[in-house]
$ cat my_file-v7.cif   # mmCIF, C-alpha atoms
data_work
loop_
_atom_site.label_atom_id
_atom_site.label_comp_id
_atom_site.auth_asym_id
_atom_site.auth_seq_id
_atom_site.Cartn_x
_atom_site.Cartn_y
_atom_site.Cartn_z
CA MET A 1 25.28 0.40 -24.00
CA GLU A 2 26.03 3.78 -25.51
CA GLN A 3 22.77 5.12 -24.13
CA GLU A 4 23.50 3.65 -20.75
CA ARG A 5 26.92 5.26 -20.54
CA ARG A 6 25.59 8.60 -21.64
CA SER A 7 22.89 8.62 -19.00
CA GLN A 8 25.49 7.70 -16.42
CA TRP A 9 27.59 10.69 -17.41
CA LEU A 10 24.58 12.91 -17.30
CA ARG A 11 23.64 11.66 -13.85
CA GLY A 12 26.97 12.93 -12.59
CA VAL A 13 26.51 16.47 -13.86
CA LEU A 14 22.76 16.92 -14.14
CA ASP A 15 22.52 18.99 -10.97
CA LEU A 16 25.23 21.30 -12.28
CA CYS A 17 23.52 21.65 -15.66
CA VAL A 18 20.20 22.40 -14.00
CA LEU A 19 21.86 24.88 -11.68
CA ALA A 20 23.54 26.56 -14.65
CA MET A 21 20.22 26.90 -16.45
CA VAL A 22 18.52 28.33 -13.39
CA ALA A 23 21.44 30.74 -13.06
CA GLU A 24 20.89 31.93 -16.61
CA GLN A 25 17.25 32.65 -16.03
CA GLU A 26 14.67 32.14 -13.30
CA SER A 27 12.46 29.32 -14.56
CA TYR A 28 9.79 26.82 -13.63
CA GLY A 29 10.19 23.08 -14.03
CA TYR A 30 8.69 22.56 -17.43
CA GLN A 31 10.73 25.41 -18.93
CA LEU A 32 13.88 23.81 -17.57
CA ALA A 33 12.84 20.46 -19.01
CA GLN A 34 12.46 22.05 -22.43
CA ARG A 35 15.73 23.91 -22.24
CA LEU A 36 17.58 20.74 -21.22
CA GLU A 37 15.93 18.95 -24.11
CA ARG A 38 17.07 21.62 -26.58
CA ALA A 39 20.58 21.41 -25.15
CA GLY A 40 20.58 17.68 -25.93
CA LEU A 41 20.42 16.80 -22.23
CA GLY A 42 16.77 15.86 -21.98
CA VAL A 43 15.69 13.95 -18.87
CA PRO A 44 12.22 12.82 -17.85
CA GLY A 45 10.34 14.92 -15.31
CA GLY A 46 10.73 12.10 -12.83
CA THR A 47 14.46 12.83 -12.78
CA LEU A 48 14.37 16.60 -13.06
CA TYR A 49 12.14 17.55 -10.14
CA PRO A 50 13.96 15.55 -7.47
CA VAL A 51 17.15 17.33 -8.61
CA LEU A 52 15.40 20.67 -8.14
CA LEU A 53 14.20 19.64 -4.70
CA ARG A 54 17.71 18.64 -3.71
CA LEU A 55 19.12 21.94 -4.96
CA GLN A 56 16.45 23.74 -2.99
CA ARG A 57 17.08 21.75 0.16
CA THR A 58 20.79 22.44 0.02
CA GLY A 59 20.13 26.15 -0.44
CA LEU A 60 21.59 26.45 -3.94
CA VAL A 61 18.31 27.57 -5.43
CA GLU A 62 15.23 29.11 -3.90
CA ALA A 63 11.69 28.64 -5.08
CA GLN A 64 8.61 30.77 -5.19
CA TRP A 65 5.06 29.98 -6.22
CA ARG A 66 3.68 32.59 -8.56
CA GLU A 67 0.52 32.95 -10.57
CA SER A 68 1.28 33.31 -14.23
CA GLY A 69 -0.81 35.57 -16.46
CA SER A 70 -3.06 32.77 -17.60
CA GLY A 71 -2.49 29.22 -16.34
CA PRO A 72 -2.11 27.89 -12.81
CA ALA A 73 0.43 28.93 -10.19
CA ARG A 74 3.91 27.69 -10.99
CA LYS A 75 6.95 27.08 -8.88
CA TYR A 76 9.78 29.33 -10.08
CA TYR A 77 13.37 28.49 -9.23
CA ARG A 78 16.06 31.10 -8.79
CA ILE A 79 19.73 30.62 -7.97
CA THR A 80 21.00 31.86 -4.61
CA ALA A 81 24.32 33.48 -3.79
CA ALA A 82 25.51 30.15 -2.43
CA GLY A 83 24.38 28.54 -5.68
CA VAL A 84 26.40 31.00 -7.75
CA ARG A 85 29.54 30.31 -5.70
CA MET A 86 29.07 26.57 -5.90
CA LEU A 87 28.39 26.69 -9.65
CA ARG A 88 31.50 28.72 -10.34
CA GLN A 89 33.68 26.39 -8.30
CA ALA A 90 32.17 23.23 -9.79
CA SER A 91 32.50 24.51 -13.37
CA LEU A 92 36.22 24.98 -12.87
CA GLU A 93 36.57 21.50 -11.45
CA TRP A 94 34.54 20.05 -14.30
CA THR A 95 36.67 21.76 -16.94
CA GLU A 96 39.76 20.41 -15.32
CA PHE A 97 38.28 16.93 -15.10
CA VAL A 98 37.17 16.92 -18.74
CA GLY A 99 40.64 18.07 -19.75
CA GLN A 100 42.21 15.13 -17.96
CA VAL A 101 39.78 12.64 -19.49
CA GLU A 102 40.35 14.12 -22.91
CA LEU A 103 44.12 13.80 -22.60
CA VAL A 104 43.76 10.11 -21.93
CA LEU A 105 41.15 9.41 -24.55
CA ARG A 106 42.63 11.49 -27.35
CA LYS A 107 45.51 9.07 -27.67
CA VAL A 108 43.01 6.31 -28.38
CA ALA A 109 41.07 8.34 -30.92
CA THR A 110 44.16 9.30 -32.93
CA ARG A 111 45.87 5.96 -32.77
CA MET B 112 -7.88 9.61 -21.75
CA ILE B 113 -4.51 10.96 -20.69
CA GLU B 114 -6.16 13.40 -18.33
CA ALA B 115 -8.03 10.65 -16.50
CA HIS B 116 -4.85 8.62 -16.26
CA ASN B 117 -2.93 11.61 -14.96
CA ASN B 118 -5.52 12.51 -12.36
CA GLN B 119 -5.51 8.98 -11.07
CA TRP B 120 -1.74 8.96 -11.04
CA LEU B 121 -1.61 12.25 -9.12
CA ALA B 122 -4.05 10.98 -6.51
CA ALA B 123 -1.91 7.88 -6.06
CA LEU B 124 1.20 10.06 -5.78
CA ALA B 125 -0.38 12.05 -2.94
CA VAL B 126 -0.98 8.84 -1.04
CA GLU B 127 2.52 7.52 -1.71
CA LEU B 128 4.15 10.76 -0.60
CA ARG B 129 2.36 10.53 2.70
CA ARG B 130 3.45 6.96 3.02
CA CYS B 131 7.04 8.07 2.46
CA GLY B 132 6.70 10.54 5.31
CA VAL B 133 6.69 13.71 3.22
CA ALA B 134 4.99 16.48 5.19
CA PRO B 135 1.50 17.34 3.90
CA ASP B 136 2.18 20.89 2.74
CA LEU B 137 5.30 19.83 0.90
CA ALA B 138 3.52 16.83 -0.63
CA HIS B 139 0.84 19.19 -1.84
CA HIS B 140 3.44 21.31 -3.61
CA VAL B 141 5.10 18.30 -5.19
CA VAL B 142 1.79 17.05 -6.57
CA HIS B 143 0.86 20.48 -7.84
CA GLU B 144 4.19 20.89 -9.58
CA VAL B 145 3.83 17.56 -11.37
CA ALA B 146 0.26 18.46 -12.33
CA THR B 147 1.32 21.72 -13.97
CA HIS B 148 4.17 19.97 -15.74
CA LEU B 149 1.79 17.40 -17.18
CA ARG B 150 -0.68 20.06 -18.23
CA ASP B 151 2.07 22.01 -20.00
CA SER B 152 3.68 19.03 -21.67
CA GLY B 153 0.60 16.95 -22.42
CA GLU B 154 2.54 13.86 -21.47
CA ALA B 155 1.24 10.79 -19.67
CA ALA B 156 2.38 10.78 -16.06
CA SER B 157 3.64 7.22 -15.92
CA GLN B 158 5.83 7.77 -18.97
CA VAL B 159 7.78 10.71 -17.58
CA PHE B 160 7.50 10.12 -13.84
CA GLY B 161 7.40 6.34 -13.58
CA THR B 162 5.12 4.77 -11.00
CA PRO B 163 3.70 6.95 -8.20
CA ALA B 164 5.50 4.83 -5.60
CA ALA B 165 8.87 5.12 -7.33
CA TYR B 166 8.50 8.85 -7.85
CA ALA B 167 7.41 9.42 -4.25
CA ALA B 168 10.48 7.48 -3.11
CA ALA B 169 12.72 9.62 -5.34
CA VAL B 170 11.18 12.78 -3.92
CA ALA B 171 11.54 11.59 -0.33
CA ASP B 172 15.12 10.64 -1.08
CA SER B 173 15.95 14.05 -2.52
CA LEU B 174 14.50 15.70 0.56
CA GLY B 175 16.92 13.84 2.76
CA PRO B 176 16.23 12.56 6.24
CA SER B 177 14.12 14.26 8.85
CA THR B 178 12.06 16.47 6.62
CA GLY B 179 8.84 14.64 7.25
CA ILE B 180 6.98 15.28 10.45
CA TYR B 181 6.21 11.59 10.82
CA GLN B 182 9.69 10.44 11.49
CA ALA B 183 9.25 7.42 13.62
CA ARG B 184 11.15 7.72 16.84
CA ARG B 185 11.77 5.29 19.60
CA PRO B 186 9.12 5.56 22.23
CA THR B 187 10.66 7.07 25.28
CA GLY B 188 7.42 8.14 26.89
CA GLN B 189 5.97 6.61 30.00
CA VAL B 190 3.45 3.82 29.79
CA ARG B 191 -0.01 5.38 29.62
CA LEU B 192 -2.10 2.29 29.05
CA ALA B 193 -1.32 -1.30 29.99
CA VAL B 194 -3.74 -4.15 29.28
CA ARG B 195 -2.77 -7.36 31.02
CA GLY B 196 -4.36 -10.72 30.39
CA VAL B 197 -7.80 -9.36 29.59
CA SER B 198 -10.51 -11.87 28.68
CA LYS B 199 -14.16 -11.33 27.96
CA ARG B 200 -17.01 -13.69 27.13
CA TYR B 201 -20.50 -12.94 25.91
CA GLY B 202 -22.51 -15.93 27.04
CA ARG B 203 -20.68 -18.96 25.72
CA ARG B 204 -18.79 -17.00 23.15
CA SER B 205 -15.29 -15.98 24.10
CA VAL B 206 -14.54 -12.60 22.52
CA LEU B 207 -11.20 -11.71 24.04
CA ARG B 208 -8.76 -14.24 25.31
CA ASN B 209 -5.83 -13.18 27.42
CA VAL B 210 -5.06 -9.94 25.59
CA ASP B 211 -2.00 -7.80 26.37
CA LEU B 212 -1.30 -4.34 25.05
CA THR B 213 1.06 -1.58 26.12
CA VAL B 214 0.84 1.96 24.82
CA ARG B 215 3.30 4.69 25.79
CA ALA B 216 3.10 8.44 25.49
CA GLY B 217 3.87 9.36 21.89
CA GLU B 218 2.67 6.09 20.42
CA ILE B 219 -0.19 5.02 18.19
CA ALA B 220 -1.48 1.50 18.63
CA ALA B 221 -3.85 0.09 16.04
CA ILE B 222 -6.31 -2.63 16.97
CA VAL B 223 -7.21 -4.57 13.86
CA GLY B 224 -9.13 -7.71 13.03
CA ALA B 225 -12.24 -9.05 11.39
CA ASN B 226 -15.73 -7.91 12.34
CA GLY B 227 -16.86 -9.29 15.65
CA CYS B 228 -13.41 -10.17 16.92
CA GLY B 229 -13.71 -7.89 19.93
CA LYS B 230 -12.03 -4.67 18.83
CA SER B 231 -14.72 -2.38 20.21
CA THR B 232 -15.11 -4.55 23.29
CA LEU B 233 -11.45 -4.17 24.11
CA LEU B 234 -11.63 -0.42 23.62
CA ARG B 235 -14.68 -0.17 25.89
CA ILE B 236 -12.83 -2.16 28.52
CA CYS B 237 -9.87 0.24 28.21
CA ALA B 238 -12.28 3.16 28.59
CA GLY B 239 -13.73 1.64 31.73
CA ILE B 240 -17.22 1.37 30.26
CA LEU B 241 -17.16 -2.41 30.36
CA SER B 242 -15.55 -4.79 32.85
CA PRO B 243 -13.37 -7.67 31.74
CA ASP B 244 -14.11 -11.17 33.06
CA SER B 245 -10.48 -11.42 34.00
CA GLY B 246 -7.34 -9.42 33.60
CA GLU B 247 -6.49 -5.81 34.38
CA VAL B 248 -6.17 -2.45 32.71
CA PHE B 249 -3.77 0.15 34.07
CA ILE B 250 -4.33 3.78 33.08
CA ASP B 251 -2.03 6.71 33.70
CA GLY B 252 -3.72 9.91 32.56
CA ARG B 253 -7.07 11.23 31.46
CA ILE B 254 -8.99 9.40 28.76
CA GLY B 255 -10.74 10.74 25.67
CA TYR B 256 -13.00 8.10 24.19
CA CYS B 257 -14.60 8.34 20.77
CA PRO B 258 -17.27 5.69 20.22
CA GLN B 259 -18.06 4.23 16.82
CA GLU B 260 -21.47 5.80 16.86
CA GLY B 261 -23.71 7.69 19.20
CA GLY B 262 -22.12 10.00 21.71
CA THR B 263 -23.71 13.13 20.32
CA TYR B 264 -26.88 14.79 21.58
CA ASP B 265 -29.57 15.23 18.96
CA PHE B 266 -30.92 18.51 20.26
CA LEU B 267 -27.68 20.32 21.02
CA LEU B 268 -25.59 22.54 18.77
CA PRO B 269 -21.93 21.67 18.13
CA ASP B 270 -20.80 24.53 20.40
CA GLU B 271 -23.04 23.22 23.19
CA HIS B 272 -21.37 19.83 22.90
CA PHE B 273 -17.99 21.48 23.34
CA VAL B 274 -19.17 23.40 26.41
CA LEU B 275 -20.69 20.28 27.95
CA VAL B 276 -17.62 18.11 27.49
CA GLY B 277 -15.28 20.98 28.32
CA ALA B 278 -17.08 21.56 31.63
CA GLY B 279 -16.38 17.97 32.60
CA ARG B 280 -12.71 18.56 31.92
CA GLY B 281 -12.43 21.84 33.78
CA MET B 282 -12.47 24.13 30.77
CA SER B 283 -14.21 27.48 30.62
CA ARG B 284 -17.09 27.95 28.17
CA ASP B 285 -15.08 30.19 25.88
CA GLN B 286 -12.05 27.97 25.90
CA ALA B 287 -14.10 24.85 25.17
CA VAL B 288 -15.84 26.50 22.24
CA SER B 289 -12.70 27.98 20.74
CA ASP B 290 -10.74 24.71 21.16
CA GLY B 291 -13.61 22.70 19.71
CA ARG B 292 -13.94 24.94 16.69
CA ARG B 293 -10.22 24.89 16.08
CA GLN B 294 -10.04 21.09 16.23
CA ALA B 295 -13.04 20.90 13.90
CA GLY B 296 -11.21 23.15 11.49
CA HIS B 297 -8.36 20.64 11.32
CA LEU B 298 -10.90 18.14 10.05
CA GLY B 299 -12.23 20.54 7.45
CA TRP B 300 -15.44 21.29 9.35
CA ASP B 301 -16.70 24.74 10.27
CA ALA B 302 -18.30 24.01 13.64
CA ARG B 303 -19.70 27.50 14.03
CA GLU B 304 -22.77 26.45 12.08
CA ARG B 305 -25.89 26.57 14.21
CA VAL B 306 -27.25 23.15 13.33
CA LEU B 307 -28.61 20.63 15.79
CA ALA B 308 -26.53 17.47 15.97
CA ARG B 309 -29.41 15.37 14.65
CA HIS B 310 -29.32 17.35 11.41
CA LEU B 311 -25.60 16.88 10.85
CA SER B 312 -24.48 14.29 8.29
CA GLY B 313 -23.09 11.04 9.64
CA GLY B 314 -19.55 12.04 8.76
CA THR B 315 -19.89 15.41 10.46
CA ARG B 316 -21.36 13.81 13.58
CA GLN B 317 -18.27 11.63 13.72
CA LYS B 318 -16.08 14.73 13.47
CA LEU B 319 -18.03 16.17 16.39
CA ASN B 320 -17.43 12.95 18.32
CA LEU B 321 -13.74 13.03 17.57
CA VAL B 322 -13.39 16.68 18.59
CA MET B 323 -15.23 15.99 21.86
CA SER B 324 -12.94 13.11 22.71
CA SER B 325 -9.84 15.26 22.29
CA LEU B 326 -11.09 18.39 24.08
CA GLY B 327 -8.95 19.36 27.05
CA ASP B 328 -5.98 17.40 25.68
CA PRO B 329 -6.43 14.08 27.49
CA GLU B 330 -3.23 12.05 27.64
CA ILE B 331 -4.90 8.93 26.28
CA LEU B 332 -7.16 8.79 23.23
CA LEU B 333 -9.29 5.74 22.52
CA LEU B 334 -10.79 6.00 19.05
CA ASP B 335 -13.23 3.43 17.72
CA GLU B 336 -13.19 3.69 13.91
CA PRO B 337 -13.90 7.38 14.21
CA TYR B 338 -13.58 8.05 10.50
CA GLN B 339 -16.77 6.35 9.32
CA GLY B 340 -18.51 8.55 6.81
CA PHE B 341 -15.42 10.69 6.27
CA ASP B 342 -14.63 11.47 2.67
CA ARG B 343 -11.15 10.70 1.46
CA GLY B 344 -9.72 14.15 2.15
CA THR B 345 -11.04 14.21 5.70
CA TYR B 346 -9.78 10.70 6.23
CA LEU B 347 -6.25 11.84 5.41
CA ASP B 348 -6.69 14.94 7.61
CA PHE B 349 -7.71 12.59 10.39
CA TRP B 350 -4.47 10.63 10.11
CA ASP B 351 -2.46 13.84 9.99
CA GLN B 352 -4.20 14.86 13.19
CA LEU B 353 -3.40 11.52 14.79
CA TRP B 354 0.29 11.91 13.97
CA GLU B 355 0.32 15.40 15.38
CA TRP B 356 -1.22 14.17 18.59
CA ARG B 357 1.25 11.34 18.71
CA ASN B 358 4.19 13.66 18.20
CA ALA B 359 2.78 15.88 20.94
CA GLY B 360 3.08 12.92 23.30
CA ARG B 361 -0.43 11.52 23.42
CA ALA B 362 -0.97 7.80 23.73
CA ILE B 363 -3.45 6.76 21.06
CA VAL B 364 -5.37 3.56 20.46
CA VAL B 365 -7.31 3.43 17.22
CA VAL B 366 -9.59 0.62 16.14
CA THR B 367 -9.44 0.15 12.41
CA HIS B 368 -10.23 -2.40 9.75
CA LEU B 369 -8.33 -0.48 7.11
CA LEU B 370 -4.83 -1.74 6.90
CA ASN B 371 -3.26 0.73 4.52
CA HIS B 372 -2.12 3.04 7.28
CA LEU B 373 -0.50 0.44 9.44
CA ASP B 374 2.95 1.47 8.33
CA ARG B 375 2.32 4.70 10.22
CA VAL B 376 1.46 3.26 13.60
CA ASP B 377 3.81 2.06 16.29
CA THR B 378 2.06 -1.05 17.46
CA VAL B 379 -0.43 -3.37 15.82
CA LEU B 380 -2.64 -5.66 17.83
CA ASP B 381 -4.43 -8.17 15.61
CA LEU B 382 -7.44 -9.69 17.33
CA THR B 383 -8.39 -12.00 14.47
CA PRO B 384 -8.74 -15.42 16.12
CA SER B 385 -6.44 -17.13 13.64
CA ALA B 386 -3.77 -14.48 14.05
CA PRO B 387 -0.66 -15.42 16.00
CA VAL B 388 -2.04 -15.03 19.41
CA THR B 389 -3.13 -11.82 20.91
CA GLY B 390 0.10 -11.44 22.66
CA VAL B 391 2.04 -8.26 22.95
CA GLY B 392 1.25 -6.02 20.05
CA GLN B 393 3.78 -6.75 17.38
CA ARG B 394 6.07 -3.90 16.60
CA ARG B 395 6.19 -2.89 12.97
CA ALA B 396 9.42 -2.09 11.25
CA GLU B 397 9.96 1.62 11.48
CA PRO B 398 9.81 3.34 8.13
#
$ encode --input "my_file-v7.cif" --output "structure tokens"
Amino acid sequence: MEQERRSQWLRGVLDLCVLAMVAEQESYGYQLAQRLERAGLGVPGGTLYPVLLRLQRTGLVEAQWRESGSGPARKYYRITAAGVRMLRQASLEWTEFVGQVELVLRKVATR
Amino acid sequence: MIEAHNNQWLAALAVELRRCGVAPDLAHHVVHEVATHLRDSGEAASQVFGTPAAYAAAVADSLGPSTGIYQARRPTGQVRLAVRGVSKRYGRRSVLRNVDLTVRAGEIAAIVGANGCGKSTLLRICAGILSPDSGEVFIDGRIGYCPQEGGTYDFLLPDEHFVLVGAGRGMSRDQAVSDGRRQAGHLGWDARERVLARHLSGGTRQKLNLVMSSLGDPEILLLDEPYQGFDRGTYLDFWDQLWEWRNAGRAIVVVTHLLNHLDRVDTVLDLTPSAPVTGVGQRRAEP
């Protein structure tokens, strides 16, 4: 149940988290998967890549295939100007939303 | 172990992506991205990506509508081929009984059915090579016909085939050769090679056949299992080519016994005797 609720929350903000991580640093998919994992927001690849595709389609990130020094060519994602604007706006809304939820729930926790 | 599993999974994903209508170049990128992820992480594909079908659906979903080139659209084109009440007997054996089929510009019709049920016979009747015992065939446009076998000339080079067929369709030598080579390229074949047709492999001879049938852009293409001897990659290229022709407004009839592509055709005519009668080709649900 707990797990279920958590993954539901994550589903609502995963695109923002991914966008934020891409904004921090241009990355390829597997790097993002690892960084999400370290941040305690790990999702399977089957969830991550469709999010990236959606962000790309909506013009919030752009992608480029590049050969790395050794291994095969990788698809690197980079945030666009539109992505930066959207991320900034959405972060504000999220903070506000979390604040409202917290106000309601804190009463329960301290009761 | 994992590597074999992953390779199999990736191959299945490629097929599923096509089925979901994801354009080939994009599908290629999606598969490649998953492959590099799996190589980096060492994970088993099915554990992190689920089943190929489910993942392909998730990808298609994230791409939104109208990204694929195979978006089915309502046929608005004119009727190019109309088969009405065609019957044919060989001796006492009735091969075709009262068959109807309508194909419009921008449509692919698949003729399916067991061996010997008259698929090739019907196609030959449509091509005008064979007469029906009764019934009529109406044609509006030029026909390109690709037979199941034969059709090539043992002692001619591929280029000479193009020139020969091109001449019959009012094309100049140069144009016929350059068009032929380009079409061959779409099927992964370099037709510049100076090899007599009789020394080409069976699969390559079929590519030659297919290219000849489409030279000069005839409005109607009648293809009799043209992919025999194609390897898997070429087979998929062939279907890509069909969809491109369809989207360019050709009317296409393809005889096939392979059913796994039927979700990508507009009309299916099943000639198997037990099938619900050879009436109007049933329309498949659009994807």
$ residues_around --input "my_file-v7.cif" --residues "stretch 73-77 of chain A" --least-positions-apart "4" --cutoff "7 Å" --atoms "only C-alpha atoms" --output "list in words"
Val22, Glu26, Ser27, Tyr28, Val61, Glu62, Ala63, Gln64, Trp65, Arg66, Glu67 and Ser68 of chain A; Glu144 of chain B
$ resolve_selection --input "my_file-v7.cif" --expression "the PyMOL selection byres ((chain B) within 6 of (chain A))" --output "number ranges by chain"
B: 148, 159-160, 170, 173
$ resolve_selection --input "my_file-v7.cif" --expression "the PyMOL selection byres ((chain B and resi 209) around 6)" --output "ChimeraX atom specification"
/B:196-198,208,210
$ residues_around --input "my_file-v7.cif" --residues "B:His116" --least-positions-apart "2" --cutoff "12 Å" --atoms "all atoms listed in the file" --output "PyMOL selection string"
chain B and resi 112-114+118-123+146+149+153-158+162-163
$ atom_distance --input "my_file-v7.cif" --atom1 "atom CA of B:Asp351" --atom2 "atom CA of B:Gly132"
10.8 Å
$ atom_distance --input "my_file-v7.cif" --atom1 "atom CA of B:Ile222" --atom2 "atom CA of B:Val379"
6.0 Å
$ atom_distance --input "my_file-v7.cif" --atom1 "atom CA of B:Glu271" --atom2 "atom CA of B:Gly299"
19.3 Å
$ residues_around --input "my_file-v7.cif" --residues "stretch 93-109 of chain A" --least-positions-apart "6" --cutoff "12 Å" --atoms "all atoms listed in the file" --output "ChimeraX atom specification"
/A:9,12-13,16-17,86-87
$ closest_residue --input "my_file-v7.cif" --among "A:Leu41, A:Leu36, A:Leu92, A:Leu60" --to "A:Arg78" --atoms "all atoms listed in the file"
A:Leu60
$ residues_around --input "my_file-v7.cif" --residues "stretch 240-257 of chain B" --least-positions-apart "6" --cutoff "8 Å" --atoms "all atoms listed in the file" --output "ChimeraX atom specification"
/B:190-200,209,232,320-321,323-326,329-335,337
$ resolve_selection --input "my_file-v7.cif" --expression "the PyMOL selection byres ((chain B and resi 338) around 9)" --output "PyMOL selection string"
chain B and resi 259+314+317-318+321+335-337+339-342+345-346+349
$ closest_residue --input "my_file-v7.cif" --among "B:Thr367, B:Asn117, B:Gly239, B:Val133" --to "B:Arg150" --atoms "only C-alpha atoms"
B:Asn117
$ closest_residue --input "my_file-v7.cif" --among "B:Leu311, B:Arg303, B:Ser152, B:Cys228" --to "B:Tyr264" --atoms "all atoms listed in the file"
B:Leu311
$ closest_residue --input "my_file-v7.cif" --among "A:Leu10, A:Glu24, A:Glu37, A:Glu4" --to "A:Val84" --atoms "all atoms listed in the file"
A:Glu24
$ axis_aligned_box --input "my_file-v7.cif" --around "stretch 91-110 of chain A" --padding-each-side "4 Å" --output "JSON"
{"center_x": 39.0, "center_y": 15.6, "center_z": -22.2, "size_x": 21.0, "size_y": 26.7, "size_z": 29.5}
$ closest_residue --input "my_file-v7.cif" --among "B:Pro384, B:Leu347, B:Arg293, B:Arg361" --to "B:Arg130" --atoms "all atoms listed in the file"
B:Leu347
